[in-house]
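Text of run.cif (mmCIF, C-alpha atoms and all ligand atoms) as supplied:
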```
data_my_file
loop_
_atom_site.group_PDB
_atom_site.id
_atom_site.type_symbol
_atom_site.label_atom_id
_atom_site.label_comp_id
_atom_site.auth_asym_id
_atom_site.auth_seq_id
_atom_site.Cartn_x
_atom_site.Cartn_y
_atom_site.Cartn_z
ATOM 1 C CA MET A 1 122.890 121.671 84.625
ATOM 2 C CA SER A 2 120.926 118.506 84.003
ATOM 3 C CA ALA A 3 117.232 118.682 84.761
ATOM 4 C CA LYS A 4 115.492 116.336 87.146
ATOM 5 C CA ILE A 5 113.036 114.163 85.253
ATOM 6 C CA ILE A 6 109.389 114.425 86.276
ATOM 7 C CA ASP A 7 108.372 110.786 86.141
ATOM 8 C CA GLY A 8 104.641 110.977 85.402
ATOM 9 C CA LYS A 9 104.378 107.255 84.850
ATOM 10 C CA LYS A 10 105.711 106.409 88.296
ATOM 11 C CA PHE A 11 103.678 109.115 90.008
ATOM 12 C CA ALA A 12 100.490 108.064 88.207
ATOM 13 C CA ALA A 13 101.070 104.469 89.343
ATOM 14 C CA HIS A 14 101.321 105.725 92.927
ATOM 15 C CA LEU A 15 98.097 107.735 92.502
ATOM 16 C CA ALA A 16 96.385 104.664 91.001
ATOM 17 C CA ASP A 17 97.110 102.743 94.225
ATOM 18 C CA ASN A 18 95.620 105.589 96.266
ATOM 19 C CA ILE A 19 92.470 105.800 94.134
ATOM 20 C CA LYS A 20 92.036 102.050 94.244
ATOM 21 C CA GLY A 21 92.081 102.292 98.047
ATOM 22 C CA GLU A 22 89.596 105.173 98.034
ATOM 23 C CA ILE A 23 87.210 103.287 95.743
ATOM 24 C CA LEU A 24 87.469 100.174 97.896
ATOM 25 C CA GLN A 25 86.518 102.275 100.908
ATOM 26 C CA TRP A 26 83.655 103.893 98.946
ATOM 27 C CA VAL A 27 82.258 100.447 98.074
ATOM 28 C CA THR A 28 82.816 99.138 101.619
ATOM 29 C CA ASP A 29 80.768 102.116 102.819
ATOM 30 C CA GLY A 30 77.814 100.739 100.840
ATOM 31 C CA HIS A 31 78.046 102.597 97.523
ATOM 32 C CA ARG A 32 78.215 100.948 94.130
ATOM 33 C CA ALA A 33 81.506 101.209 92.224
ATOM 34 C CA PRO A 34 81.773 104.455 90.199
ATOM 35 C CA GLY A 35 80.595 103.969 86.603
ATOM 36 C CA LEU A 36 82.279 105.483 83.549
ATOM 37 C CA ALA A 37 80.837 105.349 80.020
ATOM 38 C CA VAL A 38 83.388 105.823 77.239
ATOM 39 C CA VAL A 39 82.183 106.697 73.753
ATOM 40 C CA ILE A 40 84.425 106.290 70.707
ATOM 41 C CA VAL A 41 83.437 107.069 67.136
ATOM 42 C CA GLY A 42 85.492 105.934 64.136
ATOM 43 C CA ASP A 43 88.833 104.132 64.029
ATOM 44 C CA ASP A 44 91.474 106.806 64.610
ATOM 45 C CA PRO A 45 94.454 104.704 65.838
ATOM 46 C CA ALA A 46 95.606 107.209 68.504
ATOM 47 C CA SER A 47 92.072 107.449 69.931
ATOM 48 C CA GLN A 48 91.846 103.637 70.075
ATOM 49 C CA VAL A 49 95.068 103.535 72.119
ATOM 50 C CA TYR A 50 93.896 106.299 74.512
ATOM 51 C CA VAL A 51 90.527 104.629 75.043
ATOM 52 C CA SER A 52 92.020 101.222 75.746
ATOM 53 C CA LYS A 53 94.401 102.790 78.314
ATOM 54 C CA LYS A 54 91.449 104.459 80.039
ATOM 55 C CA ILE A 55 89.395 101.244 80.146
ATOM 56 C CA LYS A 56 92.383 99.292 81.470
ATOM 57 C CA MET A 57 92.971 101.843 84.223
ATOM 58 C CA CYS A 58 89.275 101.635 85.205
ATOM 59 C CA GLU A 59 89.702 97.890 85.718
ATOM 60 C CA GLN A 60 92.867 98.479 87.747
ATOM 61 C CA VAL A 61 91.326 100.962 90.198
ATOM 62 C CA GLY A 62 87.836 99.423 90.474
ATOM 63 C CA ILE A 63 85.740 101.726 88.268
ATOM 64 C CA SER A 64 83.023 99.946 86.319
ATOM 65 C CA SER A 65 83.397 100.968 82.675
ATOM 66 C CA SER A 66 81.255 100.528 79.583
ATOM 67 C CA LEU A 67 82.568 101.119 76.070
ATOM 68 C CA HIS A 68 80.264 102.406 73.324
ATOM 69 C CA ARG A 69 81.812 101.989 69.883
ATOM 70 C CA PHE A 70 80.401 103.639 66.777
ATOM 71 C CA SER A 71 81.496 103.622 63.148
ATOM 72 C CA ALA A 72 82.782 106.840 61.577
ATOM 73 C CA ASP A 73 79.550 107.309 59.585
ATOM 74 C CA THR A 74 77.351 107.441 62.704
ATOM 75 C CA GLY A 75 74.900 110.350 62.677
ATOM 76 C CA GLN A 76 74.764 113.221 65.162
ATOM 77 C CA GLN A 77 71.287 112.254 66.347
ATOM 78 C CA GLU A 78 72.311 108.717 67.299
ATOM 79 C CA LEU A 79 75.105 110.080 69.487
ATOM 80 C CA ILE A 80 72.830 112.681 71.069
ATOM 81 C CA GLU A 81 70.344 109.935 71.959
ATOM 82 C CA LEU A 82 73.105 107.868 73.567
ATOM 83 C CA ILE A 83 74.282 110.867 75.613
ATOM 84 C CA ASP A 84 70.690 111.523 76.762
ATOM 85 C CA GLN A 85 70.355 107.904 77.821
ATOM 86 C CA LEU A 86 73.689 107.959 79.704
ATOM 87 C CA ASN A 87 72.731 111.256 81.373
ATOM 88 C CA GLN A 88 69.634 109.500 82.788
ATOM 89 C CA ASP A 89 71.360 106.222 83.724
ATOM 90 C CA PRO A 90 71.718 106.088 87.534
ATOM 91 C CA LYS A 91 74.654 103.642 87.277
ATOM 92 C CA ILE A 92 76.737 106.080 85.202
ATOM 93 C CA ASP A 93 78.691 108.814 87.019
ATOM 94 C CA GLY A 94 80.978 109.880 84.192
ATOM 95 C CA ILE A 95 80.621 110.223 80.433
ATOM 96 C CA LEU A 96 83.662 110.592 78.228
ATOM 97 C CA VAL A 97 83.390 111.138 74.481
ATOM 98 C CA GLN A 98 86.839 110.554 72.991
ATOM 99 C CA LEU A 99 87.849 113.544 70.853
ATOM 100 C CA PRO A 100 88.398 114.372 68.068
ATOM 101 C CA LEU A 101 85.171 113.120 66.510
ATOM 102 C CA PRO A 102 85.200 112.315 62.772
ATOM 103 C CA GLY A 103 84.465 115.222 60.435
ATOM 104 C CA GLY A 104 80.788 115.948 59.939
ATOM 105 C CA LEU A 105 79.912 115.514 63.609
ATOM 106 C CA ASN A 106 79.306 118.588 65.736
ATOM 107 C CA GLU A 107 81.684 118.177 68.695
ATOM 108 C CA GLU A 108 80.464 121.285 70.443
ATOM 109 C CA GLN A 109 76.846 120.118 70.473
ATOM 110 C CA ILE A 110 77.822 116.679 71.795
ATOM 111 C CA THR A 111 80.094 118.105 74.507
ATOM 112 C CA GLU A 112 77.317 120.451 75.626
ATOM 113 C CA ARG A 113 74.759 117.645 75.701
ATOM 114 C CA ILE A 114 76.623 115.844 78.508
ATOM 115 C CA ASP A 115 75.209 116.531 81.972
ATOM 116 C CA PRO A 116 77.895 118.826 83.516
ATOM 117 C CA LYS A 117 77.770 116.703 86.692
ATOM 118 C CA LYS A 118 78.869 113.690 84.608
ATOM 119 C CA ASP A 119 81.340 115.644 82.448
ATOM 120 C CA VAL A 120 84.503 113.910 83.715
ATOM 121 C CA ASP A 121 86.561 115.407 80.868
ATOM 122 C CA GLY A 122 85.679 118.856 82.270
ATOM 123 C CA LEU A 123 85.129 120.283 78.783
ATOM 124 C CA HIS A 124 81.479 121.360 79.055
ATOM 125 C CA PRO A 125 81.263 125.182 79.007
ATOM 126 C CA TYR A 126 79.724 125.010 82.494
ATOM 127 C CA ASN A 127 82.822 123.299 83.888
ATOM 128 C CA LEU A 128 85.221 125.515 81.913
ATOM 129 C CA GLY A 129 83.253 128.507 83.212
ATOM 130 C CA ARG A 130 83.490 127.278 86.803
ATOM 131 C CA LEU A 131 87.258 127.017 86.371
ATOM 132 C CA ALA A 132 87.394 130.544 84.911
ATOM 133 C CA ALA A 133 85.302 131.794 87.859
ATOM 134 C CA GLN A 134 87.772 130.190 90.322
ATOM 135 C CA SER A 135 85.295 127.680 91.717
ATOM 136 C CA PRO A 136 85.954 124.580 89.634
ATOM 137 C CA LEU A 137 83.925 121.393 89.863
ATOM 138 C CA LEU A 138 85.116 118.864 87.293
ATOM 139 C CA ARG A 139 88.418 120.104 85.856
ATOM 140 C CA PRO A 140 89.800 119.183 82.409
ATOM 141 C CA CYS A 141 91.976 116.103 82.836
ATOM 142 C CA THR A 142 95.277 117.060 81.210
ATOM 143 C CA PRO A 143 95.644 120.519 82.820
ATOM 144 C CA ARG A 144 94.563 119.142 86.201
ATOM 145 C CA GLY A 145 97.085 116.329 85.768
ATOM 146 C CA VAL A 146 99.823 118.888 85.054
ATOM 147 C CA MET A 147 98.888 120.828 88.213
ATOM 148 C CA THR A 148 99.129 117.590 90.222
ATOM 149 C CA LEU A 149 102.642 117.051 88.813
ATOM 150 C CA LEU A 150 103.673 120.627 89.673
ATOM 151 C CA GLU A 151 102.312 120.289 93.225
ATOM 152 C CA ASN A 152 104.243 117.055 93.641
ATOM 153 C CA ILE A 153 107.619 118.640 92.807
ATOM 154 C CA ASN A 154 106.836 121.438 95.248
ATOM 155 C CA VAL A 155 107.592 124.277 92.863
ATOM 156 C CA ASP A 156 106.591 127.714 94.127
ATOM 157 C CA LEU A 157 103.887 128.852 91.703
ATOM 158 C CA ALA A 158 102.762 132.108 93.321
ATOM 159 C CA GLY A 159 104.249 134.970 91.293
ATOM 160 C CA ALA A 160 106.088 132.650 88.900
ATOM 161 C CA HIS A 161 105.858 133.543 85.220
ATOM 162 C CA ALA A 162 104.042 130.670 83.491
ATOM 163 C CA VAL A 163 104.020 130.550 79.702
ATOM 164 C CA VAL A 164 101.546 128.226 78.015
ATOM 165 C CA ILE A 165 102.169 127.447 74.344
ATOM 166 C CA GLY A 166 98.903 126.389 72.682
ATOM 167 C CA ALA A 167 95.438 127.798 73.329
ATOM 168 C CA SER A 168 93.004 124.952 72.615
ATOM 169 C CA ASN A 169 89.875 124.374 74.692
ATOM 170 C CA LEU A 170 91.228 120.918 75.511
ATOM 171 C CA VAL A 171 94.633 121.865 76.932
ATOM 172 C CA GLY A 172 96.058 125.381 76.521
ATOM 173 C CA ARG A 173 93.157 127.551 77.727
ATOM 174 C CA PRO A 174 92.189 125.529 80.806
ATOM 175 C CA MET A 175 95.914 125.112 81.561
ATOM 176 C CA ALA A 176 96.314 128.891 81.642
ATOM 177 C CA LEU A 177 93.267 129.182 83.937
ATOM 178 C CA GLU A 178 94.709 126.558 86.292
ATOM 179 C CA LEU A 179 98.041 128.390 86.485
ATOM 180 C CA LEU A 180 96.309 131.728 87.031
ATOM 181 C CA ARG A 181 94.302 130.168 89.847
ATOM 182 C CA ALA A 182 97.628 129.019 91.342
ATOM 183 C CA ARG A 183 98.667 132.727 91.280
ATOM 184 C CA CYS A 184 101.160 132.536 88.435
ATOM 185 C CA THR A 185 101.557 135.445 86.034
ATOM 186 C CA VAL A 186 100.378 133.792 82.834
ATOM 187 C CA THR A 187 101.222 134.333 79.173
ATOM 188 C CA ILE A 188 99.347 132.334 76.525
ATOM 189 C CA CYS A 189 100.979 131.814 73.122
ATOM 190 C CA HIS A 190 99.414 130.421 69.947
ATOM 191 C CA SER A 191 100.014 130.131 66.225
ATOM 192 C CA ARG A 192 99.957 133.925 65.691
ATOM 193 C CA THR A 193 102.221 134.807 68.612
ATOM 194 C CA ARG A 194 105.215 136.935 67.624
ATOM 195 C CA ASP A 195 108.714 136.079 68.797
ATOM 196 C CA LEU A 196 108.049 132.711 70.414
ATOM 197 C CA PRO A 197 111.711 132.327 71.550
ATOM 198 C CA LYS A 198 111.404 135.545 73.604
ATOM 199 C CA GLN A 199 108.178 134.362 75.255
ATOM 200 C CA VAL A 200 109.671 130.958 76.056
ATOM 201 C CA GLY A 201 112.804 132.609 77.469
ATOM 202 C CA GLN A 202 110.695 134.388 80.114
ATOM 203 C CA ALA A 203 109.049 131.244 81.434
ATOM 204 C CA ASP A 204 109.741 130.037 84.952
ATOM 205 C CA ILE A 205 107.095 127.415 84.192
ATOM 206 C CA LEU A 206 106.719 126.419 80.530
ATOM 207 C CA VAL A 207 103.804 124.233 79.386
ATOM 208 C CA VAL A 208 103.810 123.280 75.719
ATOM 209 C CA ALA A 209 100.709 121.815 74.035
ATOM 210 C CA VAL A 210 100.923 122.331 70.282
ATOM 211 C CA GLY A 211 101.513 119.021 68.506
ATOM 212 C CA GLN A 212 104.671 119.909 66.513
ATOM 213 C CA ALA A 213 107.744 117.807 67.185
ATOM 214 C CA GLY A 214 110.753 119.857 68.267
ATOM 215 C CA LEU A 215 108.950 123.221 67.975
ATOM 216 C CA ILE A 216 110.535 124.477 71.200
ATOM 217 C CA LYS A 217 114.313 124.675 70.900
ATOM 218 C CA GLY A 218 116.453 123.790 73.869
ATOM 219 C CA GLU A 219 118.401 127.067 73.675
ATOM 220 C CA TRP A 220 115.184 129.096 74.210
ATOM 221 C CA ILE A 221 114.548 127.578 77.646
ATOM 222 C CA LYS A 222 115.152 129.808 80.672
ATOM 223 C CA PRO A 223 117.858 128.241 82.862
ATOM 224 C CA GLY A 224 116.395 126.720 86.028
ATOM 225 C CA SER A 225 112.824 126.571 84.708
ATOM 226 C CA VAL A 226 110.215 123.810 84.853
ATOM 227 C CA VAL A 227 109.322 122.401 81.429
ATOM 228 C CA ILE A 228 106.112 120.442 80.915
ATOM 229 C CA ASP A 229 105.727 118.903 77.460
ATOM 230 C CA VAL A 230 102.131 117.914 76.684
ATOM 231 C CA GLY A 231 102.738 117.398 72.958
ATOM 232 C CA THR A 232 102.571 113.913 71.511
ATOM 233 C CA ASN A 233 103.933 113.365 68.024
ATOM 234 C CA ARG A 234 105.284 110.393 66.056
ATOM 235 C CA SER A 235 108.883 110.598 64.872
ATOM 236 C CA GLU A 236 109.764 109.267 61.420
ATOM 237 C CA ALA A 237 110.987 106.124 63.147
ATOM 238 C CA GLY A 238 107.548 105.760 64.742
ATOM 239 C CA HIS A 239 108.550 106.791 68.286
ATOM 240 C CA LEU A 240 106.409 109.042 70.484
ATOM 241 C CA ILE A 241 108.081 112.432 70.930
ATOM 242 C CA GLY A 242 107.082 115.756 72.435
ATOM 243 C CA ASP A 243 107.038 119.375 71.247
ATOM 244 C CA VAL A 244 110.239 120.280 73.125
ATOM 245 C CA GLU A 245 113.774 119.358 72.047
ATOM 246 C CA PHE A 246 114.242 117.176 75.085
ATOM 247 C CA GLU A 247 118.000 116.509 75.042
ATOM 248 C CA ALA A 248 118.928 120.182 74.612
ATOM 249 C CA ALA A 249 116.247 121.450 77.012
ATOM 250 C CA ARG A 250 117.258 119.147 79.851
ATOM 251 C CA HIS A 251 120.652 120.902 80.051
ATOM 252 C CA ARG A 252 118.948 124.213 80.885
ATOM 253 C CA ALA A 253 115.773 123.331 82.807
ATOM 254 C CA ALA A 254 115.651 122.382 86.484
ATOM 255 C CA TRP A 255 112.753 119.949 85.906
ATOM 256 C CA ILE A 256 111.391 118.425 82.720
ATOM 257 C CA THR A 257 108.752 115.884 81.700
ATOM 258 C CA PRO A 258 109.712 113.167 79.222
ATOM 259 C CA VAL A 259 107.502 112.053 76.323
ATOM 260 C CA PRO A 260 106.309 109.369 76.729
ATOM 261 C CA GLY A 261 105.990 108.868 80.479
ATOM 262 C CA GLY A 262 105.331 112.471 81.550
ATOM 263 C CA VAL A 263 101.925 114.079 81.144
ATOM 264 C CA GLY A 264 100.148 111.223 79.307
ATOM 265 C CA PRO A 265 99.774 108.878 82.303
ATOM 266 C CA MET A 266 98.606 111.835 84.419
ATOM 267 C CA THR A 267 95.729 112.496 82.003
ATOM 268 C CA VAL A 268 94.477 108.938 82.434
ATOM 269 C CA ILE A 269 94.769 108.918 86.232
ATOM 270 C CA THR A 270 93.067 112.311 86.486
ATOM 271 C CA LEU A 271 90.102 110.877 84.587
ATOM 272 C CA MET A 272 89.837 108.259 87.359
ATOM 273 C CA GLN A 273 89.997 110.987 90.024
ATOM 274 C CA ASN A 274 87.297 112.965 88.218
ATOM 275 C CA THR A 275 85.062 109.897 87.914
ATOM 276 C CA LEU A 276 85.303 109.187 91.641
ATOM 277 C CA GLN A 277 84.642 112.874 92.337
ATOM 278 C CA ALA A 278 81.557 112.792 90.072
ATOM 279 C CA ALA A 279 80.268 109.660 91.820
ATOM 280 C CA ARG A 280 80.659 111.362 95.214
ATOM 281 C CA ASN A 281 78.920 114.533 94.004
ATOM 282 C CA LEU A 282 76.014 112.566 92.505
ATOM 283 C CA SER A 283 75.434 110.287 95.507
HETATM 284 P P1 LIG B 301 95.146 121.758 68.983
HETATM 285 O O1 LIG B 301 95.596 121.475 67.596
HETATM 286 O O2 LIG B 301 93.700 121.827 69.289
HETATM 287 O O3 LIG B 301 95.780 123.146 69.464
HETATM 288 C C1 LIG B 301 97.102 123.472 69.160
HETATM 289 C C2 LIG B 301 97.400 124.882 69.645
HETATM 290 O O4 LIG B 301 98.748 125.179 69.297
HETATM 291 C C3 LIG B 301 96.542 125.965 68.997
HETATM 292 O O5 LIG B 301 96.092 126.858 70.004
HETATM 293 C C4 LIG B 301 97.482 126.687 68.030
HETATM 294 O O6 LIG B 301 97.221 128.067 67.921
HETATM 295 C C5 LIG B 301 98.818 126.476 68.720
HETATM 296 N N1 LIG B 301 99.934 126.524 67.765
HETATM 297 C C6 LIG B 301 100.005 125.960 66.539
HETATM 298 N N2 LIG B 301 101.185 126.251 65.965
HETATM 299 C C7 LIG B 301 101.866 127.013 66.843
HETATM 300 C C8 LIG B 301 103.126 127.645 66.812
HETATM 301 N N3 LIG B 301 103.940 127.528 65.764
HETATM 302 N N4 LIG B 301 103.500 128.364 67.879
HETATM 303 C C9 LIG B 301 102.694 128.485 68.959
HETATM 304 N N5 LIG B 301 101.469 127.896 69.056
HETATM 305 C C10 LIG B 301 101.074 127.182 67.993
HETATM 306 O O7 LIG B 301 95.885 120.676 69.885
HETATM 307 P P2 LIG B 301 95.539 120.153 71.384
HETATM 308 O O8 LIG B 301 94.352 119.283 71.339
HETATM 309 O O9 LIG B 301 95.586 121.287 72.333
HETATM 310 O O10 LIG B 301 96.800 119.215 71.627
HETATM 311 C C11 LIG B 301 98.113 119.729 71.593
HETATM 312 C C12 LIG B 301 99.109 118.590 71.729
HETATM 313 O O11 LIG B 301 98.929 117.965 72.993
HETATM 314 C C13 LIG B 301 98.946 117.475 70.690
HETATM 315 O O12 LIG B 301 100.222 116.949 70.385
HETATM 316 C C14 LIG B 301 98.133 116.435 71.431
HETATM 317 O O13 LIG B 301 98.346 115.118 70.929
HETATM 318 C C15 LIG B 301 98.706 116.589 72.815
HETATM 319 N N6 LIG B 301 97.839 116.120 73.908
HETATM 320 C C16 LIG B 301 98.410 115.309 74.828
HETATM 321 C C17 LIG B 301 97.684 114.889 75.911
HETATM 322 C C18 LIG B 301 98.338 114.029 76.929
HETATM 323 O O14 LIG B 301 97.662 113.515 77.793
HETATM 324 N N7 LIG B 301 99.660 113.883 76.888
HETATM 325 C C19 LIG B 301 96.346 115.284 76.061
HETATM 326 C C20 LIG B 301 95.799 116.134 75.108
HETATM 327 C C21 LIG B 301 96.562 116.564 74.037
#
```

Spit out the file's structure as C-alpha cells when you get a sec.
Ligand code: NAD
Amino acid sequence: MSAKIIDGKKFAAHLADNIKGEILQWVTDGHRAPGLAVVIVGDDPASQVYVSKKIKMCEQVGISSSLHRFSADTGQQELIELIDQLNQDPKIDGILVQLPLPGGLNEEQITERIDPKKDVDGLHPYNLGRLAAQSPLLRPCTPRGVMTLLENINVDLAGAHAVVIGASNLVGRPMALELLRARCTVTICHSRTRDLPKQVGQADILVVAVGQAGLIKGEWIKPGSVVIDVGTNRSEAGHLIGDVEFEAARHRAAWITPVPGGVGPMTVITLMQNTLQAARNLS
C-alpha cells in the first residue's frame, strides 16, 4: 500500500482564495477589514519565520495586520500594557502573541490577559474551556486546521480510534478535545506513556505532536490508518522533518501528511479564519 498524501499546502491555498472572497464581501458590506495584531518577543529564528508567514498571509487575504516587536529583555508589565491597549483598540479583532516567550516572562499571565473574544490563537482558558464543554468559540489554530484536513478527506470519524501523541496545551490537548467532539474514541499519549508502539498500532487516526524527529516508527502504524504529523524538527542537513518516519509509514497508512507542506500551512490559514470569525463576532 502507498498512502495518499494529504497536501495541506494546496488545500490551504484553496482556503486562502475562499477567505479572500469572504473578506472582500465583508468589506463591500460596509465593514472595515479585519485587524490582527501580532506580538513577537525576542529573536527565536523559528518564531520569526512563523510570524512572517502569518503577516504575509494577512496581506494575501485582506486582513490588516500590525506587528509589535520586542527585545528578549522586555518586562512582563510592558507586554501586559500592550495587551490591555490592544484589547481596547476598536480596529483590532485578533491578538496573537507568538509562543514560546523568552524565559522569565509569564506566558500564562499574558495568554489570560487577552480578551477571549480577540483570542484568535484559541489558547485562553475560556476558549479551551468552551471547546471542552462542546460549544467552542475561537478554536486553537493547529488542531482546528487538522480537523479541516480530516473533513476534507472525508474520513469517517465517528467511532474511529484516534490516538494523539503529545499533550501540550498548544496542540495535543485541544486536538484530543476536537477528536472527541467529532465522536472518535480518543487516547492521549505523552512522555510517560507505556508501550507507545502498542498505542500507535491501535490508531485509526494518529496525530503526532511531540517534536522528536522519527519518534514514530513506520512499522508501528496500523495498516489503512490516517497519519497526521504535526511535529516540525530540523534534520542534521537542515531540512524540516516531522515526528513520523515518513517513508516507512506511507507504505502502511491510507493517508499521510508530509512535513513540510502538511499541517503547517493549515495552522496559518486557520488563524485567518479565526480572525475573520472574531471580527464578525465583535461587529
Ligand atoms: P511541547 O514540547 O509543548 O509538548 C510535547 C508533548 O510531547 C508533551 O506533552 C510531552 O509529554 C510529549 N512527549 C515528549 N516525549 C514523548 C515521547 N517520547 N512519547 C510520547 N510523548 C512524548 O510541544 P508542542 O508545542 O505541543 O509542539 C509539538 C511539535 O509540534 C513541535 O515539533 C512543534 O514545533 C510542532 N508544532 C507544529 C505546528 C504546525 O503548525 N505544524 C504548530 C505547533 C507545534

Give me, as a PyMOL selection string, all polymer residues having an atom no more than 10 Å from Glu108 of chain A, counting all atoms listed in the file and skipping those fewer than 2 positions away in the same chain. chain A and resi 105-106+110-113+123-125

Env. residues ligand LIG 301 (chain B) / 9 Å / only C-alpha atoms and all ligand atoms / as a ChimeraX atom specification: /A:46,50,99-100,141-143,145,164-173,188-194,196,208-213,215-216,229-233,242-243,259-268

Calculated over all atoms listed in the file, which of the candidates A:Ile19, A:Leu240, A:Ile256, A:Ala278 has the smallest distance to Asp7 of chain A?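 Selected residue with least distance to Asp7 of chain A: A:Ile256.
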
Coordinates-based distance that separates atom CA of Gln277 of chain A from atom CA of Gly21 of chain A (Å, one decimal): 14.1 Å

Would you give me, as JSON lines, each residue of segment 213-280 of chain A having an atom within 12 Å of an atom of segment 128-139 of chain A, along with its shortest atom pair and that distance in Å to one decimal, using only C-alpha atoms and sorting by chain and residue number?
```
{"residue": "A:Thr267", "atom": "CA", "partner": "A:Arg139", "partner_atom": "CA", "distance": 11.2}
{"residue": "A:Thr270", "atom": "CA", "partner": "A:Arg139", "partner_atom": "CA", "distance": 9.1}
{"residue": "A:Leu271", "atom": "CA", "partner": "A:Arg139", "partner_atom": "CA", "distance": 9.5}
{"residue": "A:Met272", "atom": "CA", "partner": "A:Leu138", "partner_atom": "CA", "distance": 11.6}
{"residue": "A:Gln273", "atom": "CA", "partner": "A:Leu138", "partner_atom": "CA", "distance": 9.7}
{"residue": "A:Asn274", "atom": "CA", "partner": "A:Leu138", "partner_atom": "CA", "distance": 6.4}
{"residue": "A:Thr275", "atom": "CA", "partner": "A:Leu138", "partner_atom": "CA", "distance": 9.0}
{"residue": "A:Leu276", "atom": "CA", "partner": "A:Leu138", "partner_atom": "CA", "distance": 10.6}
{"residue": "A:Gln277", "atom": "CA", "partner": "A:Leu138", "partner_atom": "CA", "distance": 7.8}
{"residue": "A:Ala278", "atom": "CA", "partner": "A:Leu138", "partner_atom": "CA", "distance": 7.6}
{"residue": "A:Ala279", "atom": "CA", "partner": "A:Leu138", "partner_atom": "CA", "distance": 11.3}
{"residue": "A:Arg280", "atom": "CA", "partner": "A:Leu138", "partner_atom": "CA", "distance": 11.8}
```

Pick the closest to Gln98 of chain A from A:Val227, A:Val51, A:Ile23, A:Ala16: which is it, counting all atoms listed in the file?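 Closest residue, counting all atoms listed in the file: A:Val51.
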
Take the PyMOL selection byres (((chain A and resi 221) around 8) and not hetatm), apply it to the structure above, and return the hits as a list in words.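 The output of the PyMOL selection byres (((chain A and resi 221) around 8) and not hetatm) on this file is Val200, Gly201, Ala203, Lys217, Gly218, Glu219, Trp220, Lys222, Pro223, Ser225, Ala249, Arg252 and Ala253 of chain A.
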
Can you work out which one of A:Ala72, A:Ile6, A:Val97, A:Met1 has the shortest atom-to-atom distance to Asn154 of chain A, counting only C-alpha atoms?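 The closest residue to Asn154 of chain A is A:Ile6.
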
Please measure the separation of atom CA of Leu282 of chain A and atom CA of Ser64 of chain A, giving the value in Å to one decimal.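 These two atoms are separated by 15.7 Å.
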
Tell me which of A:Ile83, A:Ala12, A:Ile5, A:Val186 sits closest to Met57 of chain A, counting only C-alpha atoms.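 Among the listed residues, the smallest separation from Met57 of chain A belongs to A:Ala12.
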
Given only C-alpha atoms as the basis, pick out the residue of A:Ser71, A:Lys54, A:Arg144, A:Ala37 nearest to Leu96 of chain A.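 Checking each of A:Ser71, A:Lys54, A:Arg144, A:Ala37 against Leu96 of chain A, counting only C-alpha atoms, the winner is A:Ala37.
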
Neighbouring residues of Pro116 of chain A were defined as those with any atom within 8 Å, considering only C-alpha atoms; residues of the same chain fewer than 6 positions away were excluded. Please report them as a PyMOL selection string. chain A and resi 122+124+126-127

Å distance separating atom CA of Val163 of chain A from atom CA of Leu101 of chain A, one decimal place: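 Pair atom CA of Val163 of chain A / atom CA of Leu101 of chain A returns 28.9 Å.
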
Given the file shown, enumerate the residues that the PyMOL selection byres (((chain A and resi 55) around 9) and not hetatm) captures and present them as a PyMOL selection string. chain A and resi 36+38+50-54+56-60+63-67

Ala254 of chain A surroundings by all atoms listed in the file, 6 Å radius, close-in-sequence under 6 positions cut, as a list in words: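 Selected residues are Ala3, Gly224, Ser225 and Val226 of chain A.
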
Option closest in space to Val41 of chain A, from A:Gly104, A:Val27, A:Asp121, A:Val61 [counting all atoms listed in the file]: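 Of all the options, A:Gly104 lies closest to Val41 of chain A.
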
Per residue of segment 105-157 of chain A within 12 Å of segment 8-11 of chain A, which atom pair is closest and at what distance in Å (one decimal), using only C-alpha atoms, listed by chain and increasing number, as a tab-separated table?
```
residue	atom	partner	partner_atom	distance
A:Thr142	CA	A:Gly8	CA	11.9
A:Gly145	CA	A:Gly8	CA	9.3
A:Val146	CA	A:Gly8	CA	9.3
A:Met147	CA	A:Gly8	CA	11.7
A:Thr148	CA	A:Phe11	CA	9.6
A:Leu149	CA	A:Gly8	CA	7.2
A:Leu150	CA	A:Gly8	CA	10.6
A:Glu151	CA	A:Phe11	CA	11.7
A:Asn152	CA	A:Phe11	CA	8.7
A:Ile153	CA	A:Phe11	CA	10.7
```

Produce a file of the selected residues containing C-alpha atoms, as a PDB file, keeping the file's coordinate frame.
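To be explicit, this is the file written out as result_29.pdb:
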```pdb
ATOM      1  CA  THR A 142      95.277 117.060  81.210  1.00  0.00           C
ATOM      2  CA  GLY A 145      97.085 116.329  85.768  1.00  0.00           C
ATOM      3  CA  VAL A 146      99.823 118.888  85.054  1.00  0.00           C
ATOM      4  CA  MET A 147      98.888 120.828  88.213  1.00  0.00           C
ATOM      5  CA  THR A 148      99.129 117.590  90.222  1.00  0.00           C
ATOM      6  CA  LEU A 149     102.642 117.051  88.813  1.00  0.00           C
ATOM      7  CA  LEU A 150     103.673 120.627  89.673  1.00  0.00           C
ATOM      8  CA  GLU A 151     102.312 120.289  93.225  1.00  0.00           C
ATOM      9  CA  ASN A 152     104.243 117.055  93.641  1.00  0.00           C
ATOM     10  CA  ILE A 153     107.619 118.640  92.807  1.00  0.00           C
TER      11      ILE A 153
END
```

Taking the file as I've supplied it (selection: the PyMOL selection byres (((chain A and resi 94) around 6) and not hetatm)), which residues are included? Please answer as a list in words.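 Evaluating the PyMOL selection byres (((chain A and resi 94) around 6) and not hetatm) on this file yields Leu36, Ile92, Asp93, Ile95, Lys118, Val120 and Thr275 of chain A.
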